[in-house]
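Take a look at the structure set out below.
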Amino acid sequence: MVSFFKEYKGFAIVFGIISIIIIAIIYNTLNVYKPLDIYQPAMVSTELVDSTIQHQKKYHKIADFKLINQNGKTITQDDYKGKIYVADFFFTTCQTICPIMTGHMAQIQKELMNDDEVMLLSHTVTPTIDTVAQLKRYAIKKGVNDEKWNLVTGDKKQIYQLARKSYLAVKDQGNGDAFDMIHTENFMLIDKKRRIRGFYDGTKQEEIDRLLNDIAHLKKENSLLIN
């Protein structure tokens, strides 16, 4: 018996090495990096999407914009160029879901304060009420870092179009105003190419945890593309 094992010792070693390699290959194959989805209008509930683009299946991205932040500064897509960012829609006088959403945005800000690759963008859906001065008071109250997080107001028609045609995040039922909006609890994750990579319920902690994980996932995707 001893002589048998001595005779096949070399074979056993080679076989063991090959087995390890095969197992490693199978493991790596099963754990291939899977990028986040790239959301198109056709993938989203029709109540959140403008009827003109509801059937669009590719090439969707966030449109150019020009809005005013809490400091009276003009904010455009160029301020977010080369950035990953989280966007949402809110209004400062909201007493239901907005305080929870803003608290969770503040959490994201805290978690990623030192990450220059990630920014935040919150659009008011009541721009006539949420003036620059009102946004500034709200920003101070909520601990907004001006370098990280813009609260923006501006032309209501433009904000509505961004909500419905770009971020796919706002319902159109309202009080009869042609540009009235009912915002949702959604947070949207936007990549460096201005594409939507995820939707998250901004009122739920587990969704915020998922969002933070997806941001890390998206950063990994960017690094793989660079390398």
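All residue names refer to the structure tokens as shown: chains lettered A, B, ... in order, residues numbered from 1 in each chain, ligands numbered from 1 in order.
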Checklist line | Test item: residues at most 9 Å from A:Lys192, only C-alpha atoms, excluding those fewer than 3 positions along its chain, as a list in words | finding: Tyr80, Lys81, Gly82, Lys83, Ile84, Tyr85, Arg195 and Asn222 of chain A
Next item on the list: Name all residues at most 12 Å from A:Leu67 (count only C-alpha atoms; drop same-chain ones fewer than 5 positions away) and give them as a PyMOL selection string.
Entry: chain A and resi 72-79+121-124+127+131-132+150-159+162
Note to self: So the first atom is atom CA of A:Thr93 and the second is atom CA of A:Glu206; what is the distance between them in Å, to one decimal place?
What the structure shows: 25.5 Å
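Here the question is which of A:Asp116, A:Glu185, A:Asp191, A:Glu111 gets nearest to A:Ile97 using only C-alpha atoms, and that residue is A:Glu185.
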Next item on the list: Write down as a VMD selection string the residues of stretch 2-225 of chain A whose backbone DSSP state falls under strand (DSSP E or B).
Entry: chain A and resid 66 to 68 74 to 76 84 to 90 118 to 124 149 to 153 170 to 171 182 to 183 186 to 190 196 to 201
Margin query: As an exercise, work out the distance from atom CA of A:Met101 to atom CA of A:Leu211 in Å and give it to one decimal place.
Written below: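 About the pair atom CA of A:Met101 and atom CA of A:Leu211: they are 13.1 Å apart.
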Next item on the list: Quote the spacing between atom CA of A:Val118 and atom CA of A:Val44 in Å to one decimal place.
Entry: 24.3 Å
Margin query: Just checking: using only C-alpha atoms, which residue out of A:Val86, A:Val125, A:Ala133, A:Val144 ends up closest to A:Cys98?
Written below: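 That would be A:Val125, the residue with the smallest distance to A:Cys98.
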Next item on the list: Write out as an MDAnalysis selection string the residues lying within 7 Å of A:Leu168, counting only C-alpha atoms and excluding same-chain residues fewer than 3 positions away.
Entry: chainID A and resid 48:49 163:165
Those same residues - N, CA, C and O atoms - I'd like them written as a short mmCIF file (atom, residue, chain, number, x, y, z; two decimals), in the first residue's frame.
```
data_model
loop_
_atom_site.label_atom_id
_atom_site.label_comp_id
_atom_site.auth_asym_id
_atom_site.auth_seq_id
_atom_site.Cartn_x
_atom_site.Cartn_y
_atom_site.Cartn_z
N LEU A 48 -44.59 57.58 -14.37
CA LEU A 48 -43.45 58.43 -14.02
C LEU A 48 -42.72 58.97 -15.24
O LEU A 48 -41.73 59.70 -15.10
N VAL A 49 -43.20 58.64 -16.42
CA VAL A 49 -42.48 58.96 -17.66
C VAL A 49 -43.37 59.76 -18.60
O VAL A 49 -44.54 59.42 -18.80
N ALA A 163 -37.90 66.23 -14.47
CA ALA A 163 -38.48 65.16 -13.65
C ALA A 163 -39.10 64.07 -14.50
O ALA A 163 -38.91 62.88 -14.24
N ARG A 164 -39.84 64.47 -15.53
CA ARG A 164 -40.60 63.52 -16.34
C ARG A 164 -39.82 62.94 -17.52
O ARG A 164 -40.02 61.79 -17.88
N LYS A 165 -38.94 63.75 -18.10
CA LYS A 165 -38.25 63.32 -19.31
C LYS A 165 -36.80 62.89 -19.08
O LYS A 165 -36.22 62.22 -19.94
#
```
With stretch 199-204 of chain A as the partner and 9 Å as the cut-off, tabulate the residues of stretch 27-131 of chain A that qualify, each row holding the nearest pair of atoms and their distance in Å to one decimal, using only C-alpha atoms, sorted by chain and rising number, as a Markdown table.
```
| residue | atom | partner | partner_atom | distance |
| --- | --- | --- | --- | --- |
| A:Tyr39 | CA | A:Phe199 | CA | 9.0 |
| A:Asp88 | CA | A:Gly202 | CA | 8.5 |
| A:Ile97 | CA | A:Thr203 | CA | 6.7 |
| A:Cys98 | CA | A:Thr203 | CA | 8.3 |
| A:Pro99 | CA | A:Thr203 | CA | 9.0 |
| A:Ile100 | CA | A:Thr203 | CA | 5.6 |
| A:Met101 | CA | A:Gly202 | CA | 5.1 |
| A:Thr102 | CA | A:Gly202 | CA | 8.4 |
| A:Gly103 | CA | A:Thr203 | CA | 8.9 |
| A:His104 | CA | A:Gly202 | CA | 6.7 |
| A:Met105 | CA | A:Gly202 | CA | 8.0 |
```
Check: Closest to A:Val170 among A:Gln205, A:Ile38, A:Glu47, A:Ile17, using only C-alpha atoms?
Finding: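 Under the stated criterion, the closest residue is A:Glu47.
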Notebook entry, point to check: Between A:Cys94, A:Met119, A:Ile108, A:Leu224, which one has atoms that come closest to A:Arg210, using only C-alpha atoms?
Noted result: A:Ile108
